[in-house]
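K.L.:
Submitted below is the structure of interest, expressed as structure tokens.
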Amino acid sequence: MELKNFIQSHILDVTPTFETTNQTPTYYATTLCKKLSDTPLSLYSISITEDDIFRYDSNILNYLKKINQKRQIPINLKYYQYLAILFTEIYFDLLKNKPDEFINSLNNFANSTFTFDRKTMNKLAYFMATGSGKTIIAHINYHQFHHYKLFEPDCILFITPNEGLSKQHHEELINSNHPAILYSESGLTNTDKVLIIEITKFTEVKKGSGLSITPDSFEGRKLIFVDEGHKGQSSEERKWKSYRDQLAENGFVFEYSATFAQILNPSEAPDIFEEYCKSIIFDYSYKYFYYDGYGKDFSIINIQNPREIQADLFTDIMFVGNLLTFYEQLLIFENNKSLAVKYNLEKPLWIFVGSTVTASSQKEFSDILTVVILLSKFVSEPNWALNLIEIILNAKTGLRNPFGEDIFENSFLLLPAIYHSTNREEFYHNLLKTVFNGPGPLRLFEIKNAEGEIALKTGDNSYFALINIGNVAEFKKLLTKSNFTIESDIISPSLFDSIKSKSSTINILIGSKKFIEGWDTWRVSSIGLLYVGKSQGPQIIQLFGRGVRLLGENNSLKRSNNPQIKPLETLKIYGIKSDYLVKFLEAIKKEEIELEPISVPIKPQHEDKWNDLKIIKLETPKFYHDEFIDISKNSSVSVTLNLLPRTTVGISTSTRDTITIETMSNTPEYDDYLLDLSPYINLFNWQRIYTELLSYKLEHNYWNINFTIDSLKNILSKGAKSSSDNNFCYKLYVLPEVKNLTTYSDIIRLEDIAILLLKKYISALYKIQVKEYESKNATVKNLTDINPLSIFESTLNAYIQTVYVKKETNLLSYLNRIHNIVNDTNVLLTNSPYDPTLPRIIFHESLFLPLLLYTRDLTHIEYMNPTGLNEGERDFLLKLIDYLKNPSIDLSNYEIYVLRNYPRSGIGFLIQTSEKFYPDFIIWIKPKSSIYPQAIVFADPKSGYFLSEEKINLALSIKDIEKTINSQGYHITLESFIIIVDNSSSPIPDKNLINLNQINLIFEKVIPKLNKIDSQP
């Protein structure tokens, strides 16, 4: 648990970039080893050392390079992908080199619950959420297996559930530079390529000349990859599992699934339960994916009393409620196009889909017909539609949630205000125009150039909806019986194939089984549940997992938590029948992700003073237009690239006694490891180097930097030759054997090092230029100009911070206690930092209240948006409060204000090792009698284990910004302090590095400066 919390605190929020995943040791490995230096890691009594971690890390980097070789945009590993691969490294290393010790330690750990032996160590399973990148892990697993060479496989199979996924996997394997071939196109051939085959192709007895095949057709020892590993576990699919087991004899299997939880039941199938308890090496199921901030948020209608109203009325309310939710999502998308581009959000899509993939399901056909009838009714009966709109937007449907509130209470961000400010008919007309592409009677067209497609339009408008089913002929009979006329469209191509296109007019997709089976789209924002059958848990979770997929800013897969676009990052789930919702919620409960959102009102404080408080504005965006960087004319940059194993040198130490952030720059004993690349320049393929660096420039949006092959050669010609060199562009440390060039591959290795070095140089130069530009062009704004509470979701009357608690029976009293606190302002605004229900800090100087704490060890809160204070931040504030209340401290002539400085929405400073550094708090200190002089102090509490010299040096570099703004006529003092919250390092007050017991030093440094400025004429 301690290691897990450590990882979440220090690795989770790292944005994977060149600096974190494309040089060794990676940030992930370095950070883990910092933890190991304090708390050694052991795996079932087998010690894992720092040397082991760095060895595994080097292997992982090599695998990553192999799969990125042909990719235009390289893959960067998320932290959980890195950990899954790292654990696999450990597993294979121990199984290959210490098998008996490893198996014995596992059995000791299992304590007779399970028994491990060599035979049962032939499978690894990865329980990972849909959209978390299991495919990349599979591709690296391929290289891991071949690296450790447990055996030489006679054939390699990649087993998928269907042909659609087989084609997707084939494309991805080729992109990752893997030799791969489709069985459906090649049949059984003698090849060393990865053979991709559907599980449905296997049979017990071969009949006829088709592509079906028996497992014994594949001879020898096999390496097998299985996508959707849960397939074959239900009783009707057990034959599939038997085929897989037969194939796996004497071989090795990798399995991947997001839904193992749905099929693991120790009472119903104890053998399967034991098998996967022993083989799941990494559990990153959806609850972890979601709590880490990945994927969309979600909202599932939870109704306490569905049977209190008629079934038809329930269906009508659910349909129109879902329609209004989707309409609002479309409006928000249209009104926030620039934010949508920034956060990689596509135009919303509303889908109606069930959990069955059976093409001829009569129940699903009946539900699809119901949706068509409702769509027709909505566009042709405005009074019926408007009456439902009225009760939904006014939250008077009669349907209540478990807390007795109408299910649509506070469900909409914009629509109630729009509805009440326009007449009903205009609201209805605008909705038709936005969702249905215009008014008119409903018309249905069979798309003759596509299989299984029926398109819908109103009047002569463009198509707005598409039905995609397997058996069009049968469904047309149902439509005809219901008095619908089906016209023919012999011109249009497949509309399904173009739904992902930005030019698509389709807003609604109905009944597509392709969505569950792996259709790759980011558009889905609302789901209307159709038929949900029995024992459909895995299909429900697959449906849910594909709906919450989110590309995110810079392809991060993460929610932005920007309140303006929150509805676009929230999957809304409705059901046209109440029991569909019940079954869906039952499946979700198994994933332990059913959460109760509780809105905590955030109260602004001292708003009358916001206009007096000043904030610095760093004009980074203009840099990309105003500045042009010629790499040949910038010689002030030097970088160090250390490629030595950690066992070779002991540099960059952080000890408990003092911080020593050292380099080898002036250490003669390391001169033997220095490498100057100038003698090798003419051996390199410069067209390859130049192309690699152009791709790097584009990938990192370094649009305004210019370099040529000659300027790059010039950089490599200026390598340090000894520790005493003063004029150099780089210092490169490598093992002596790297200098020995005996084969062509040795030259390629050195060329790769040159590319790595030049990337680091370009990155360093660019960030230095941006930082200098920020300092020279800093301006001052009033705090009111930036809205310090913009991070919070805003409603008509309040700002909101949302906490999420599991919906479990044993937590109902806990949920009620939180509701009671939130609903009583006096209680909510009582200082309770250690309250086990809703810990919070209340103090006069804060610009908003309450400041919530996120401490999962103390409460049952699973997630908080925006995130709450951690323990270090809490301890800092409590020490600050104690200091300000100390009667012996006279601050009566000063006003002091404190603001939580949130990443992205707050004030950040560019540093070399990350995109931005956002100190946790901003403190203003000013005289009561005037606006100026005033001090702006940036304070960042953190563990001493993770001190960065650049963050410490902000105390120095911020003075350049201070000089710039005061040249504009202001009287402002800028300071930056790092506060060590544990005993891991000693303070250095001269560098504004202090501990929790030295809060006084902030004021003792700042106030004399204010007095000095105030006394100047």
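Ligands are numbered from 1 in the order shown, residues from 1 within each chain, and chains are lettered A, B, ... in the order they appear in the structure tokens.
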Per DSSP on the backbone, filter stretch 921-1007 of chain A down to the residues in strand (DSSP E or B) and report them as a list in words.
P.N.:
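The strand (DSSP E or B) residues within stretch 921-1007 of chain A come out as Phe921, Ile922, Ile923, Trp924, Ile925, Lys926, Pro927, Gln934, Ala935, Ile936, Val937, Phe938, Ala939, Asp940, Pro941, Lys942, Ile972, Thr973, Leu974, Glu975, Ser976, Phe977, Ile978, Ile979, Ile980, Ile988, Leu993, Ile994 and Asn995 of chain A.
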K.L.:
Excluding A:Tyr463 and residues on its chain fewer than 3 positions from it, collect all residues at most 9 Å away from it, counting only C-alpha atoms, and give them as a PyMOL selection string.
P.N.:
chain A and resi 436-437+455-458+460+466+505-507
K.L.:
Between A:Cys729, A:Asn685, A:Asp406, A:Glu871, which is the closest to A:Ile747 once you count only C-alpha atoms?
P.N.:
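Counting only C-alpha atoms, the residue closest to A:Ile747 is A:Asn685.
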K.L.:
Please extract the residues of stretch 53-83 of chain A with a backbone DSSP assignment of alpha helix (DSSP H) and present them as a PyMOL selection string.
P.N.:
chain A and resi 53-68+79-83
K.L.:
Calculate how many Å separate atom CA of A:Pro736 from atom CA of A:Asp672, rounding to one decimal.
P.N.:
7.4 Å
K.L.:
Let me make sure I understand: among A:Ile527, A:Ile490, A:Leu996, A:Ala385, which one has the smallest atom-to-atom distance to A:Arg424 if we use only C-alpha atoms?
P.N.:
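Closest residue, counting only C-alpha atoms: A:Ala385.
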K.L.:
Between A:Lys70, A:Lys572, A:Arg840, A:Lys287, which is the closest to A:Val600 once you count only C-alpha atoms?
P.N.:
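Nearest candidate to A:Val600 out of A:Lys70, A:Lys572, A:Arg840, A:Lys287: A:Arg840.
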K.L.:
For A:Ser711, which residue out of A:Tyr690, A:Phe225, A:Tyr863, A:Phe484 is the nearest one, using only C-alpha atoms?
P.N.:
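The answer is A:Tyr690, which sits nearest to A:Ser711.
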K.L.:
Do a neighbour search on A:Phe151 at 10 Å with only C-alpha atoms, toss out local chain neighbours closer than 2 positions, and write the hits as a list of chain:residue names.
P.N.:
A:Phe145, A:His146, A:Tyr148, A:Lys149, A:Pro153, A:Asp154, A:Arg221, A:Lys222, A:Leu223, A:Asn250, A:Gly251, A:Phe252
K.L.:
Take the selection from the previous step and output its residues with all heavy atoms, as a compact mmCIF listing (two decimals), in the first residue's frame.
P.N.:
# COMPACT_ATOMS: atom_id res chain seq x y z
N PHE A 145 9.52 -11.57 -24.16
CA PHE A 145 9.63 -13.03 -24.22
C PHE A 145 10.87 -13.45 -25.01
O PHE A 145 11.61 -14.36 -24.60
CB PHE A 145 8.37 -13.63 -24.85
CG PHE A 145 8.36 -15.13 -24.87
CD1 PHE A 145 7.89 -15.83 -23.77
CD2 PHE A 145 8.86 -15.84 -25.94
CE1 PHE A 145 7.91 -17.22 -23.76
CE2 PHE A 145 8.88 -17.22 -25.94
CZ PHE A 145 8.41 -17.92 -24.84
N HIS A 146 11.10 -12.77 -26.13
CA HIS A 146 12.26 -13.13 -26.95
C HIS A 146 13.57 -12.73 -26.27
O HIS A 146 14.61 -13.38 -26.50
CB HIS A 146 12.15 -12.48 -28.33
CG HIS A 146 11.19 -13.16 -29.24
ND1 HIS A 146 9.84 -12.90 -29.25
CD2 HIS A 146 11.38 -14.14 -30.18
CE1 HIS A 146 9.24 -13.66 -30.15
NE2 HIS A 146 10.15 -14.43 -30.73
N TYR A 148 14.22 -12.87 -22.99
CA TYR A 148 14.55 -13.82 -21.93
C TYR A 148 14.63 -15.26 -22.42
O TYR A 148 15.15 -16.14 -21.72
CB TYR A 148 13.56 -13.69 -20.76
CG TYR A 148 13.84 -12.45 -19.94
CD1 TYR A 148 13.15 -11.27 -20.17
CD2 TYR A 148 14.83 -12.45 -18.96
CE1 TYR A 148 13.42 -10.11 -19.43
CE2 TYR A 148 15.11 -11.31 -18.22
CZ TYR A 148 14.40 -10.15 -18.47
OH TYR A 148 14.69 -9.02 -17.74
N LYS A 149 14.06 -15.53 -23.61
CA LYS A 149 14.23 -16.83 -24.27
C LYS A 149 13.93 -18.01 -23.35
O LYS A 149 14.76 -18.88 -23.12
CB LYS A 149 15.66 -16.97 -24.83
CG LYS A 149 15.97 -16.03 -25.98
CD LYS A 149 17.37 -16.30 -26.54
CE LYS A 149 17.64 -15.50 -27.81
NZ LYS A 149 17.61 -14.05 -27.62
N PRO A 153 9.90 -20.47 -29.67
CA PRO A 153 8.58 -20.92 -30.12
C PRO A 153 8.58 -21.43 -31.56
O PRO A 153 9.27 -20.87 -32.43
CB PRO A 153 7.72 -19.65 -30.00
CG PRO A 153 8.69 -18.52 -30.07
CD PRO A 153 9.96 -19.01 -29.46
N ASP A 154 7.82 -22.50 -31.78
CA ASP A 154 7.67 -23.02 -33.14
C ASP A 154 6.66 -22.21 -33.95
O ASP A 154 6.72 -22.20 -35.18
CB ASP A 154 7.23 -24.49 -33.08
CG ASP A 154 8.31 -25.36 -32.45
OD1 ASP A 154 9.38 -25.49 -33.07
OD2 ASP A 154 8.08 -25.88 -31.33
N ARG A 221 5.99 -26.06 -29.65
CA ARG A 221 5.75 -25.13 -28.53
C ARG A 221 5.34 -23.76 -29.09
O ARG A 221 5.97 -23.24 -30.00
CB ARG A 221 7.00 -25.00 -27.66
CG ARG A 221 7.49 -26.32 -27.12
CD ARG A 221 8.64 -26.14 -26.16
NE ARG A 221 8.20 -25.64 -24.86
CZ ARG A 221 9.01 -25.41 -23.83
NH1 ARG A 221 10.31 -25.63 -23.95
NH2 ARG A 221 8.54 -24.97 -22.69
N LYS A 222 4.29 -23.23 -28.52
CA LYS A 222 3.68 -22.03 -29.08
C LYS A 222 3.74 -20.85 -28.11
O LYS A 222 3.61 -21.04 -26.90
CB LYS A 222 2.22 -22.32 -29.47
CG LYS A 222 2.10 -23.32 -30.61
CD LYS A 222 0.71 -23.89 -30.73
CE LYS A 222 0.45 -24.99 -29.70
NZ LYS A 222 1.24 -26.21 -29.93
N LEU A 223 3.92 -19.67 -28.67
CA LEU A 223 3.77 -18.41 -27.92
C LEU A 223 2.44 -17.82 -28.36
O LEU A 223 2.21 -17.60 -29.56
CB LEU A 223 4.92 -17.45 -28.24
CG LEU A 223 4.80 -16.03 -27.65
CD1 LEU A 223 4.75 -16.08 -26.13
CD2 LEU A 223 5.96 -15.16 -28.13
N ASN A 250 2.71 -26.80 -23.01
CA ASN A 250 4.16 -26.67 -23.20
C ASN A 250 4.57 -25.34 -23.84
O ASN A 250 5.71 -25.20 -24.30
CB ASN A 250 4.71 -27.82 -24.07
CG ASN A 250 4.50 -29.16 -23.41
OD1 ASN A 250 4.69 -29.30 -22.20
ND2 ASN A 250 4.05 -30.14 -24.19
N GLY A 251 3.64 -24.37 -23.89
CA GLY A 251 3.96 -23.08 -24.47
C GLY A 251 3.85 -21.98 -23.43
O GLY A 251 4.00 -22.21 -22.22
N PHE A 252 3.59 -20.76 -23.91
CA PHE A 252 3.41 -19.63 -23.00
C PHE A 252 2.30 -18.74 -23.56
O PHE A 252 2.20 -18.53 -24.77
CB PHE A 252 4.70 -18.81 -22.84
CG PHE A 252 4.66 -17.90 -21.64
CD1 PHE A 252 5.12 -18.36 -20.41
CD2 PHE A 252 4.13 -16.62 -21.72
CE1 PHE A 252 5.07 -17.54 -19.29
CE2 PHE A 252 4.07 -15.80 -20.62
CZ PHE A 252 4.53 -16.25 -19.39
K.L.:
So what do you get for atom CA of A:Ser380 versus atom CA of A:Ile499, distance-wise?
P.N.:
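These atoms are spaced 26.0 Å apart.
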K.L.:
Give the answer as one residue: which of A:Ser794, A:Asn401, A:Thr49, A:Asn122 has the shortest atom-to-atom distance to A:Ser279, using only C-alpha atoms?
P.N.:
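Closest candidate: A:Asn122.
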K.L.:
Atom CA of A:Val472 to atom CA of A:Asp489: how many Å, to one decimal?
P.N.:
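Between atom CA of A:Val472 and atom CA of A:Asp489 the gap is 14.1 Å.
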